[in-house]
$ cat target.pdb   # PDB, C-alpha atoms
ATOM      1  CA  MET A  55     117.566  50.859-120.385
ATOM      2  CA  THR A  56     120.882  51.193-122.247
ATOM      3  CA  TYR A  57     122.012  47.924-123.711
ATOM      4  CA  GLN A  58     125.573  46.744-124.218
ATOM      5  CA  GLU A  59     126.682  43.850-126.374
ATOM      6  CA  PHE A  60     128.715  41.029-124.899
ATOM      7  CA  VAL A  61     130.317  37.895-126.256
ATOM      8  CA  ILE A  62     130.238  35.093-123.727
ATOM      9  CA  VAL A  63     132.037  31.809-124.095
ATOM     10  CA  GLY A  64     131.288  28.985-121.693
ATOM     11  CA  ARG A  65     131.262  25.236-121.320
ATOM     12  CA  ARG A  66     130.421  22.445-118.924
ATOM     13  CA  LYS A  67     133.011  21.983-116.176
ATOM     14  CA  PRO A  68     135.548  19.390-117.388
ATOM     15  CA  THR A  69     135.544  16.043-115.641
ATOM     16  CA  ASP A  70     137.636  12.915-115.900
ATOM     17  CA  SER A  71     135.102  11.291-118.230
ATOM     18  CA  ASN A  72     134.699  14.470-120.297
ATOM     19  CA  PRO A  73     137.986  16.387-120.177
ATOM     20  CA  SER A  74     137.213  18.841-123.021
ATOM     21  CA  PRO A  75     133.501  19.590-123.185
ATOM     22  CA  GLN A  76     131.771  21.398-126.056
ATOM     23  CA  ILE A  77     132.407  25.132-125.913
ATOM     24  CA  TYR A  78     129.503  27.483-126.557
ATOM     25  CA  ARG A  79     129.776  31.085-127.686
ATOM     26  CA  MET A  80     126.967  33.584-127.508
ATOM     27  CA  ARG A  81     126.392  37.223-128.441
ATOM     28  CA  LEU A  82     124.031  38.906-126.030
ATOM     29  CA  PHE A  83     122.537  42.286-125.358
ATOM     30  CA  ALA A  84     122.331  43.170-121.688
ATOM     31  CA  PRO A  85     122.604  46.317-119.532
ATOM     32  CA  ASN A  86     125.753  45.028-117.828
ATOM     33  CA  LYS A  87     128.081  42.045-117.418
ATOM     34  CA  ILE A  88     126.170  40.546-114.524
ATOM     35  CA  VAL A  89     122.908  40.413-116.422
ATOM     36  CA  ALA A  90     124.798  39.134-119.467
ATOM     37  CA  LYS A  91     126.148  36.189-117.489
ATOM     38  CA  SER A  92     122.718  35.512-116.097
ATOM     39  CA  ARG A  93     121.126  35.513-119.544
ATOM     40  CA  PHE A  94     123.886  33.256-120.842
ATOM     41  CA  TRP A  95     123.069  30.659-118.215
ATOM     42  CA  HIS A  96     119.358  31.098-118.929
ATOM     43  CA  TYR A  97     119.927  30.095-122.542
ATOM     44  CA  MET A  98     122.374  27.327-121.634
ATOM     45  CA  LYS A  99     119.758  25.891-119.306
ATOM     46  CA  THR A 100     116.890  26.043-121.789
ATOM     47  CA  LEU A 101     118.797  25.148-124.946
ATOM     48  CA  ARG A 102     121.705  22.993-123.788
ATOM     49  CA  LYS A 103     120.583  21.534-120.442
ATOM     50  CA  LEU A 104     123.585  23.164-118.749
ATOM     51  CA  LYS A 105     123.212  24.908-115.381
ATOM     52  CA  SER A 106     125.529  27.609-114.067
ATOM     53  CA  THR A 107     126.619  25.279-111.237
ATOM     54  CA  GLN A 108     127.607  22.635-113.772
ATOM     55  CA  GLY A 109     129.463  24.990-116.082
ATOM     56  CA  GLU A 110     132.042  27.719-116.280
ATOM     57  CA  ILE A 111     132.397  30.896-118.256
ATOM     58  CA  LEU A 112     135.643  30.976-120.184
ATOM     59  CA  SER A 113     135.447  34.538-121.393
ATOM     60  CA  LEU A 114     133.134  37.504-121.258
ATOM     61  CA  HIS A 115     133.927  40.701-123.059
ATOM     62  CA  GLN A 116     132.077  43.649-124.433
ATOM     63  CA  VAL A 117     131.940  44.211-128.180
ATOM     64  CA  TYR A 118     131.505  47.553-129.863
ATOM     65  CA  ASP A 119     130.229  48.665-133.247
ATOM     66  CA  GLN A 120     132.687  49.054-136.108
ATOM     67  CA  SER A 121     131.098  52.276-137.300
ATOM     68  CA  PRO A 122     129.092  54.010-134.566
ATOM     69  CA  GLU A 123     128.975  57.211-136.632
ATOM     70  CA  LYS A 124     127.169  55.721-139.601
ATOM     71  CA  VAL A 125     123.420  55.322-139.744
ATOM     72  CA  LYS A 126     122.510  51.727-140.504
ATOM     73  CA  ASN A 127     119.328  49.768-141.110
ATOM     74  CA  PHE A 128     119.074  46.886-138.678
ATOM     75  CA  ALA A 129     116.830  43.893-139.311
ATOM     76  CA  ILE A 130     116.278  42.153-135.993
ATOM     77  CA  SER A 131     114.748  38.689-136.008
ATOM     78  CA  LEU A 132     113.366  37.682-132.667
ATOM     79  CA  ARG A 133     111.247  35.210-130.809
ATOM     80  CA  TYR A 134     109.015  36.340-128.000
ATOM     81  CA  ARG A 135     106.534  34.903-125.569
ATOM     82  CA  SER A 136     103.228  36.682-125.446
ATOM     83  CA  ARG A 137     100.515  35.981-122.914
ATOM     84  CA  SER A 138      99.074  33.246-125.081
ATOM     85  CA  GLY A 139     101.918  31.826-127.127
ATOM     86  CA  GLU A 140     105.344  32.134-128.696
ATOM     87  CA  HIS A 141     105.886  34.088-131.919
ATOM     88  CA  ASN A 142     108.604  34.969-134.397
ATOM     89  CA  MET A 143     109.123  38.451-135.739
ATOM     90  CA  LEU A 144     111.346  40.402-138.039
ATOM     91  CA  LYS A 145     111.588  44.082-137.136
ATOM     92  CA  GLU A 146     113.596  46.844-138.718
ATOM     93  CA  TYR A 147     115.134  49.863-137.045
ATOM     94  CA  ARG A 148     117.373  52.645-138.215
ATOM     95  CA  ALA A 149     120.151  53.368-135.746
ATOM     96  CA  THR A 150     123.851  54.080-135.500
ATOM     97  CA  THR A 151     124.800  51.071-133.368
ATOM     98  CA  ARG A 152     123.462  47.569-132.762
ATOM     99  CA  CYS A 153     122.814  48.437-129.121
ATOM    100  CA  ALA A 154     120.801  51.504-130.095
ATOM    101  CA  ALA A 155     118.718  49.320-132.419
ATOM    102  CA  VAL A 156     118.115  46.765-129.654
ATOM    103  CA  GLU A 157     117.095  49.527-127.272
ATOM    104  CA  LYS A 158     114.563  50.712-129.844
ATOM    105  CA  LEU A 159     113.379  47.136-130.279
ATOM    106  CA  MET A 160     112.785  46.654-126.561
ATOM    107  CA  ASN A 161     110.851  49.896-126.239
ATOM    108  CA  ASP A 162     108.882  49.102-129.391
ATOM    109  CA  MET A 163     107.958  45.568-128.260
ATOM    110  CA  ALA A 164     106.964  46.867-124.843
ATOM    111  CA  GLY A 165     104.776  49.529-126.371
ATOM    112  CA  ARG A 166     103.214  47.595-129.211
ATOM    113  CA  HIS A 167     102.925  44.101-127.723
ATOM    114  CA  ARG A 168     103.317  44.597-123.960
ATOM    115  CA  VAL A 169     106.305  42.246-123.933
ATOM    116  CA  ASP A 170     108.903  42.327-121.201
ATOM    117  CA  PRO A 171     112.563  42.275-122.381
ATOM    118  CA  SER A 172     113.144  39.053-120.464
ATOM    119  CA  ARG A 173     110.584  37.316-122.692
ATOM    120  CA  ILE A 174     112.331  38.351-125.900
ATOM    121  CA  GLN A 175     115.000  36.198-127.502
ATOM    122  CA  ILE A 176     116.984  38.088-130.107
ATOM    123  CA  LEU A 177     117.960  35.631-132.798
ATOM    124  CA  ASN A 178     119.864  37.936-135.084
ATOM    125  CA  VAL A 179     120.711  41.608-135.482
ATOM    126  CA  ALA A 180     121.807  42.183-139.059
ATOM    127  CA  SER A 181     122.738  45.422-140.696
ATOM    128  CA  VAL A 182     120.960  45.443-144.055
ATOM    129  CA  ASP A 183     121.534  47.389-147.206
ATOM    130  CA  ALA A 184     119.032  50.043-148.218
ATOM    131  CA  SER A 185     117.853  47.845-151.103
ATOM    132  CA  GLU A 186     117.101  44.951-148.735
ATOM    133  CA  ALA A 187     114.932  46.907-146.318
ATOM    134  CA  ARG A 188     111.443  45.468-146.109
ATOM    135  CA  ARG A 189     109.425  47.712-143.830
ATOM    136  CA  VAL A 190     107.740  50.882-145.101
ATOM    137  CA  THR A 191     108.704  52.766-141.934
ATOM    138  CA  THR A 192     112.390  52.148-142.718
ATOM    139  CA  LYS A 193     112.103  52.736-146.453
ATOM    140  CA  GLN A 194     110.597  56.183-146.020
ATOM    141  CA  PHE A 195     113.912  57.371-144.533
ATOM    142  CA  LEU A 196     116.015  55.873-147.319
ATOM    143  CA  ASP A 197     115.967  59.074-149.329
ATOM    144  CA  SER A 198     119.113  61.090-149.953
ATOM    145  CA  LYS A 199     117.026  64.241-150.373
ATOM    146  CA  ILE A 200     114.952  63.651-147.266
ATOM    147  CA  GLN A 201     113.242  66.743-146.007
ATOM    148  CA  PHE A 202     110.456  67.256-143.505
ATOM    149  CA  PRO A 203     109.381  70.007-141.144
ATOM    150  CA  LEU A 204     108.788  69.606-137.429
ATOM    151  CA  PRO A 205     105.123  70.513-137.162
ATOM    152  CA  HIS A 206     103.382  71.110-133.839
ATOM    153  CA  ARG A 207     106.519  71.181-131.701
ATOM    154  CA  VAL A 208     105.651  70.653-128.085
ATOM    155  CA  LEU A 209     108.711  72.040-126.338
ATOM    156  CA  ARG A 210     110.212  71.213-123.000
ATOM    157  CA  ARG A 211     108.608  73.153-120.181
ATOM    158  CA  SER A 212     110.585  76.288-119.449
ATOM    159  CA  GLY A 213     109.885  78.792-116.717
ATOM    160  CA  SER A 214     106.839  78.532-114.501
ATOM    161  CA  ARG A 215     104.280  75.752-114.690
ATOM    162  CA  PHE A 216     101.429  78.238-114.928
ATOM    163  CA  LYS A 217     101.359  80.820-117.700
ATOM    164  CA  ALA A 218      98.847  83.366-118.942
ATOM    165  CA  GLN A 219      99.385  82.564-122.641
ATOM    166  CA  ARG A 220      99.125  79.206-124.445
ATOM    167  CA  ALA A 221     102.480  77.875-125.565
ATOM    168  CA  THR A 222     103.600  78.404-129.163
ATOM    169  CA  THR A 223     103.956  75.165-131.117
ATOM    170  CA  HIS A 224     104.638  76.577-134.570
ATOM    171  CA  PHE A 225     108.304  77.406-135.134
ATOM    172  CA  SER A 226     108.661  78.583-138.749
TER     173      SER A 226
ATOM    174  CA  MET B 279      99.898  83.758-152.553
ATOM    175  CA  SER B 280     102.763  81.294-152.198
ATOM    176  CA  GLN B 281     103.651  81.767-148.559
ATOM    177  CA  ARG B 282     104.985  78.544-147.160
ATOM    178  CA  VAL B 283     103.649  77.223-143.876
ATOM    179  CA  PHE B 284     107.035  75.777-142.994
ATOM    180  CA  ARG B 285     110.318  77.519-143.747
ATOM    181  CA  ARG B 286     112.707  75.366-141.712
ATOM    182  CA  PHE B 287     113.050  71.699-142.531
ATOM    183  CA  VAL B 288     114.954  68.773-141.153
ATOM    184  CA  GLU B 289     117.324  68.019-144.031
ATOM    185  CA  VAL B 290     120.931  67.138-144.662
ATOM    186  CA  GLY B 291     122.926  70.321-144.234
ATOM    187  CA  ARG B 292     120.486  72.115-141.908
ATOM    188  CA  VAL B 293     122.342  74.067-139.227
ATOM    189  CA  CYS B 294     120.841  73.603-135.768
ATOM    190  CA  LEU B 295     121.281  74.928-132.272
ATOM    191  CA  ILE B 296     121.368  72.382-129.468
ATOM    192  CA  ASN B 297     118.954  73.506-126.772
ATOM    193  CA  TYR B 298     119.290  70.777-124.136
ATOM    194  CA  GLY B 299     121.935  68.586-122.603
ATOM    195  CA  PRO B 300     125.672  68.934-122.060
ATOM    196  CA  LEU B 301     126.115  70.499-125.504
ATOM    197  CA  GLU B 302     123.470  73.148-124.947
ATOM    198  CA  GLY B 303     124.101  76.366-126.852
ATOM    199  CA  LYS B 304     126.361  74.794-129.489
ATOM    200  CA  ILE B 305     125.849  74.836-133.241
ATOM    201  CA  CYS B 306     125.704  71.614-135.255
ATOM    202  CA  VAL B 307     124.821  70.445-138.751
ATOM    203  CA  ILE B 308     122.427  67.634-139.629
ATOM    204  CA  VAL B 309     124.526  65.130-141.527
ATOM    205  CA  ASP B 310     121.920  62.355-141.830
ATOM    206  CA  VAL B 311     118.425  61.596-140.603
ATOM    207  CA  ILE B 312     118.088  58.434-138.533
ATOM    208  CA  ASP B 313     114.333  58.291-138.093
ATOM    209  CA  GLU B 314     111.379  60.482-137.161
ATOM    210  CA  ASN B 315     112.892  61.208-133.744
ATOM    211  CA  GLU B 316     116.633  61.402-134.275
ATOM    212  CA  ALA B 317     119.215  62.925-136.544
ATOM    213  CA  LEU B 318     122.906  62.246-137.000
ATOM    214  CA  VAL B 319     124.625  65.498-136.236
ATOM    215  CA  ASP B 320     128.185  66.820-136.510
ATOM    216  CA  GLY B 321     129.510  70.213-135.308
ATOM    217  CA  PRO B 322     131.832  70.000-137.287
ATOM    218  CA  SER B 323     133.556  68.674-134.185
ATOM    219  CA  SER B 324     136.804  70.552-134.858
ATOM    220  CA  ILE B 325     134.956  73.892-135.094
ATOM    221  CA  THR B 326     132.005  73.828-132.701
ATOM    222  CA  GLY B 327     132.943  70.948-130.375
ATOM    223  CA  VAL B 328     129.939  68.783-131.224
ATOM    224  CA  SER B 329     131.250  65.355-132.234
ATOM    225  CA  ARG B 330     129.356  63.182-134.688
ATOM    226  CA  GLN B 331     126.470  61.623-132.768
ATOM    227  CA  SER B 332     122.778  60.877-132.835
ATOM    228  CA  ILE B 333     120.588  63.501-131.240
ATOM    229  CA  PRO B 334     116.828  63.614-130.808
ATOM    230  CA  PHE B 335     114.956  66.439-132.558
ATOM    231  CA  SER B 336     113.581  67.494-129.188
ATOM    232  CA  ARG B 337     117.085  68.618-128.230
ATOM    233  CA  ILE B 338     117.758  70.777-131.286
ATOM    234  CA  SER B 339     116.259  73.921-132.760
ATOM    235  CA  LEU B 340     116.417  74.361-136.518
ATOM    236  CA  THR B 341     117.909  77.606-137.795
ATOM    237  CA  ASP B 342     117.447  79.298-141.160
ATOM    238  CA  ILE B 343     120.919  78.374-142.335
ATOM    239  CA  THR B 344     121.563  75.368-144.590
ATOM    240  CA  ILE B 345     124.772  74.255-146.213
ATOM    241  CA  ASN B 346     125.234  72.082-149.267
ATOM    242  CA  ILE B 347     126.702  68.744-148.192
ATOM    243  CA  PRO B 348     126.148  65.172-149.335
ATOM    244  CA  ARG B 349     124.380  62.843-146.923
ATOM    245  CA  SER B 350     126.687  61.340-144.277
ATOM    246  CA  CYS B 351     129.708  63.218-145.624
ATOM    247  CA  ARG B 352     133.164  62.996-144.109
ATOM    248  CA  HIS B 353     134.286  65.458-141.454
ATOM    249  CA  LYS B 354     136.735  67.017-143.948
ATOM    250  CA  THR B 355     133.969  67.705-146.489
ATOM    251  CA  LEU B 356     131.732  69.102-143.780
ATOM    252  CA  VAL B 357     134.420  71.488-142.522
ATOM    253  CA  LYS B 358     135.093  72.703-146.074
ATOM    254  CA  ALA B 359     131.409  73.425-146.736
ATOM    255  CA  PHE B 360     130.945  74.938-143.262
ATOM    256  CA  ASN B 361     133.787  77.410-143.783
ATOM    257  CA  GLN B 362     132.909  78.145-147.400
ATOM    258  CA  GLU B 363     129.385  79.164-146.427
ATOM    259  CA  ASN B 364     130.560  81.192-143.410
ATOM    260  CA  VAL B 365     128.074  79.523-141.101
ATOM    261  CA  LEU B 366     129.401  80.901-137.826
ATOM    262  CA  GLU B 367     129.477  84.434-139.215
ATOM    263  CA  ARG B 368     125.968  84.158-140.655
ATOM    264  CA  TRP B 369     124.723  82.695-137.371
ATOM    265  CA  ALA B 370     126.302  85.450-135.281
ATOM    266  CA  LYS B 371     124.553  88.064-137.429
ATOM    267  CA  THR B 372     121.072  86.618-136.871
ATOM    268  CA  LYS B 373     118.762  88.258-134.352
ATOM    269  CA  TRP B 374     118.453  84.939-132.540
ATOM    270  CA  ALA B 375     122.195  84.651-131.920
ATOM    271  CA  ARG B 376     122.451  88.307-130.946
ATOM    272  CA  LYS B 377     119.660  87.881-128.400
ATOM    273  CA  ILE B 378     121.470  84.906-126.875
ATOM    274  CA  ALA B 379     124.692  86.908-126.758
ATOM    275  CA  SER B 380     123.042  89.939-125.154
ATOM    276  CA  LYS B 381     121.379  87.719-122.533
ATOM    277  CA  GLU B 382     124.756  86.317-121.645
ATOM    278  CA  THR B 383     126.345  89.743-121.484
ATOM    279  CA  ARG B 384     123.577  91.006-119.242
ATOM    280  CA  ALA B 385     123.921  88.042-116.910
ATOM    281  CA  ASN B 386     127.649  88.692-116.527
ATOM    282  CA  LEU B 387     127.531  92.437-115.817
ATOM    283  CA  ASN B 388     129.191  93.728-112.693
ATOM    284  CA  ASP B 389     127.595  96.357-110.450
ATOM    285  CA  PHE B 390     129.245  99.311-112.157
ATOM    286  CA  GLN B 391     128.157  98.094-115.596
ATOM    287  CA  ARG B 392     124.598  97.676-114.344
ATOM    288  CA  PHE B 393     124.754 101.278-113.161
ATOM    289  CA  GLN B 394     125.978 102.345-116.595
ATOM    290  CA  VAL B 395     123.078 100.451-118.199
ATOM    291  CA  MET B 396     120.643 102.218-115.920
ATOM    292  CA  ILE B 397     122.028 105.631-116.876
ATOM    293  CA  ALA B 398     121.995 104.744-120.578
ATOM    294  CA  LYS B 399     118.372 103.560-120.342
ATOM    295  CA  LYS B 400     117.350 106.761-118.599
ATOM    296  CA  LYS B 401     119.037 108.827-121.304
ATOM    297  CA  ARG B 402     117.354 106.848-124.077
ATOM    298  CA  ASN B 403     113.913 106.957-122.487
ATOM    299  CA  ARG B 404     114.190 110.695-121.867
ATOM    300  CA  ALA B 405     114.979 111.281-125.551
ATOM    301  CA  VAL B 406     112.100 109.011-126.663
ATOM    302  CA  ARG B 407     109.587 110.723-124.378
ATOM    303  CA  ALA B 408     110.712 114.154-125.476
ATOM    304  CA  GLU B 409     110.153 113.222-129.116
ATOM    305  CA  GLN B 410     106.815 111.599-128.258
ATOM    306  CA  ALA B 411     105.666 114.770-126.479
ATOM    307  CA  LYS B 412     106.608 116.820-129.550
ATOM    308  CA  LEU B 413     104.586 114.551-131.845
ATOM    309  CA  LEU B 414     101.545 114.564-129.540
ATOM    310  CA  LYS B 415     101.652 118.348-129.389
ATOM    311  CA  ALA B 416     101.911 118.546-133.195
ATOM    312  CA  ASN B 417      98.856 116.266-133.665
ATOM    313  CA  ALA B 418      96.752 117.741-130.878
TER     314      ALA B 418
END
$ encode --input "target.pdb" --output "structure tokens"
Amino acid sequence: MTYQEFVIVGRRKPTDSNPSPQIYRMRLFAPNKIVAKSRFWHYMKTLRKLKSTQGEILSLHQVYDQSPEKVKNFAISLRYRSRSGEHNMLKEYRATTRCAAVEKLMNDMAGRHRVDPSRIQILNVASVDASEARRVTTKQFLDSKIQFPLPHRVLRRSGSRFKAQRATTHFS
Amino acid sequence: MSQRVFRRFVEVGRVCLINYGPLEGKICVIVDVIDENEALVDGPSSITGVSRQSIPFSRISLTDITINIPRSCRHKTLVKAFNQENVLERWAKTKWARKIASKETRANLNDFQRFQVMIAKKKRNRAVRAEQAKLLKANA
């Protein structure tokens, strides 16, 4: 799933007794605007006791990365519900955009912890400096002279499904 | 005997050929490594048409050509190094590039050209077989 980042601003519907209610602003990752609105109300309901019928969205717009052509180290702090409890995590990913990092996060959490994206609450996505990276898997790529081969390359299937010879996996 | 197992590495400055996707067949340079699956790649965009983007290693094939560039360098620096090291020329001279080019030529031949190829092949094979017969006779 490709994620997009949205900023949603909403509040309770104004009434005579409360003409200017508290305004809430949220940054969300969602595949589209509709899901973004839905997730906004999900959090308003659980965190602020505000239902979509009782409130209104003042603005919803997509935000983009400042530098989508630079590789950054993202430290994502999250909360997720597992089958038996709720946990906090800090995960690091190298990516060019925040959305790419979140996509990696979702796939990673699904693979490693069998967590559905709807059960993950992203608390913060911060771009960290190379010196502040904590995970070994991130640090091993923080090398200006990085060099590694691509051993045992299993290539895309080309031609017929059945062949007389085994495929070559060593390229140089 | 110091014969390396691997000759082509993923590194900053490695020239690659994109082998899948909308940019298939285009040349690009690895400008930075994102992680074990992806690299940040740039054509340079003004020369080969590949804009700076992340690309998975499964979509690129490493070539033997490397250029000397700093990690995540600007487009200007990349173009300068690319032209200084004559990458496109060096690539066109490789057997790999020539095979790709000949495949394309062959696919775009018209009927008369295919006829000409057939005649040329016959001529070549006749000469080869004549020489072969001579050699067999000499060693018989």
$ interface_residues --input "target.pdb" --of "chain A" --to "chain B" --cutoff "12 Å" --atoms "only C-alpha atoms" --output "JSON, numbers by chain"
{"A": [121, 122, 123, 124, 125, 126, 127, 128, 146, 147, 148, 149, 150, 151, 154, 155, 158, 191, 192, 193, 194, 195, 196, 197, 198, 199, 200, 201, 202, 203, 204, 205, 206, 207, 208, 209, 210, 211, 212, 224, 225, 226]}
$ closest_residue --input "target.pdb" --among "A:Gln76, A:Val63, A:Arg137, A:Leu112" --to "Asp170 (chain A)" --atoms "only C-alpha atoms"
A:Arg137
$ atom_distance --input "target.pdb" --atom1 "CA of Ser136 (chain A)" --atom2 "CA of Thr100 (chain A)"
17.7 Å
$ residues_around --input "target.pdb" --residues "Ala129 (chain A)" --least-positions-apart "6" --cutoff "8 Å" --atoms "only C-alpha atoms" --output "ChimeraX atom specification"
/A:144-147,178-182,187
$ residues_around --input "target.pdb" --residues "His167 (chain A)" --least-positions-apart "2" --cutoff "12 Å" --atoms "only C-alpha atoms" --output "PyMOL selection string"
chain A and resi 134-138+141+143+159-165+169-171+173-174
$ write_last_selection --input "target.pdb" --atoms "C-alpha atoms" --output "compact mmCIF listing (two decimals), in the frame of the given file"
# COMPACT_ATOMS: atom_id res chain seq x y z
CA TYR A 134 109.02 36.34 -128.00
CA ARG A 135 106.53 34.90 -125.57
CA SER A 136 103.23 36.68 -125.45
CA ARG A 137 100.52 35.98 -122.91
CA SER A 138 99.07 33.25 -125.08
CA HIS A 141 105.89 34.09 -131.92
CA MET A 143 109.12 38.45 -135.74
CA LEU A 159 113.38 47.14 -130.28
CA MET A 160 112.78 46.65 -126.56
CA ASN A 161 110.85 49.90 -126.24
CA ASP A 162 108.88 49.10 -129.39
CA MET A 163 107.96 45.57 -128.26
CA ALA A 164 106.96 46.87 -124.84
CA GLY A 165 104.78 49.53 -126.37
CA VAL A 169 106.30 42.25 -123.93
CA ASP A 170 108.90 42.33 -121.20
CA PRO A 171 112.56 42.28 -122.38
CA ARG A 173 110.58 37.32 -122.69
CA ILE A 174 112.33 38.35 -125.90
$ atom_distance --input "target.pdb" --atom1 "CA of Glu157 (chain A)" --atom2 "CA of Gln58 (chain A)"
9.4 Å
$ residues_around --input "target.pdb" --residues "Ala90 (chain A)" --least-positions-apart "5" --cutoff "7 Å" --atoms "all atoms listed in the file" --output "PyMOL selection string"
chain A and resi 60+82+84
$ atom_distance --input "target.pdb" --atom1 "CA of Gly321 (chain B)" --atom2 "CA of Met55 (chain A)"
27.2 Å
$ closest_residue --input "target.pdb" --among "A:Lys103, A:His96, A:Arg152, A:Lys67" --to "Phe83 (chain A)" --atoms "all atoms listed in the file"
A:Arg152
$ closest_residue --input "target.pdb" --among "A:Thr56, A:Ser131, A:Asn142, A:Gln219" --to "Ile176 (chain A)" --atoms "only C-alpha atoms"
A:Ser131
$ build_atoms --input "target.pdb" --residues "region 299-305 of chain B" --atoms "all heavy atoms" --output "CSV table (one decimal), keeping the file's coordinate frame"
chain,number,residue,atom,x,y,z
B,299,GLY,N,120.9,69.6,-122.8
B,299,GLY,CA,121.9,68.6,-122.6
B,299,GLY,C,123.3,69.2,-122.4
B,299,GLY,O,123.4,70.4,-122.3
B,300,PRO,N,124.3,68.4,-122.3
B,300,PRO,CA,125.7,68.9,-122.1
B,300,PRO,C,126.2,69.8,-123.2
B,300,PRO,O,127.1,70.7,-122.9
B,300,PRO,CB,126.5,67.7,-121.9
B,300,PRO,CG,125.8,66.6,-122.6
B,300,PRO,CD,124.3,67.0,-122.5
B,301,LEU,N,125.6,69.7,-124.4
B,301,LEU,CA,126.1,70.5,-125.5
B,301,LEU,C,125.2,71.7,-125.8
B,301,LEU,O,125.2,72.2,-126.9
B,301,LEU,CB,126.2,69.6,-126.8
B,301,LEU,CG,127.2,68.5,-126.6
B,301,LEU,CD1,126.9,67.5,-127.7
B,301,LEU,CD2,128.6,68.9,-126.7
B,302,GLU,N,124.4,72.1,-124.8
B,302,GLU,CA,123.5,73.1,-124.9
B,302,GLU,C,124.2,74.4,-125.4
B,302,GLU,O,125.2,74.8,-124.9
B,302,GLU,CB,122.7,73.4,-123.6
B,302,GLU,CG,121.6,74.4,-123.7
B,302,GLU,CD,120.8,74.5,-122.4
B,302,GLU,OE1,121.0,73.7,-121.6
B,302,GLU,OE2,120.1,75.5,-122.3
B,303,GLY,N,123.6,75.1,-126.4
B,303,GLY,CA,124.1,76.4,-126.9
B,303,GLY,C,125.1,76.2,-128.0
B,303,GLY,O,125.5,77.2,-128.6
B,304,LYS,N,125.4,75.0,-128.4
B,304,LYS,CA,126.4,74.8,-129.5
B,304,LYS,C,125.6,74.6,-130.8
B,304,LYS,O,124.5,74.2,-130.9
B,304,LYS,CB,127.2,73.6,-129.2
B,304,LYS,CG,128.1,73.7,-128.0
B,304,LYS,CD,129.3,72.8,-128.1
B,304,LYS,CE,130.4,73.4,-127.1
B,304,LYS,NZ,130.5,72.6,-125.9
B,305,ILE,N,126.4,74.9,-131.9
B,305,ILE,CA,125.8,74.8,-133.2
B,305,ILE,C,126.3,73.5,-133.8
B,305,ILE,O,127.4,73.0,-133.6
B,305,ILE,CB,126.4,76.0,-134.1
B,305,ILE,CG1,125.8,77.3,-133.7
B,305,ILE,CG2,126.3,75.7,-135.6
B,305,ILE,CD1,124.3,77.4,-134.2
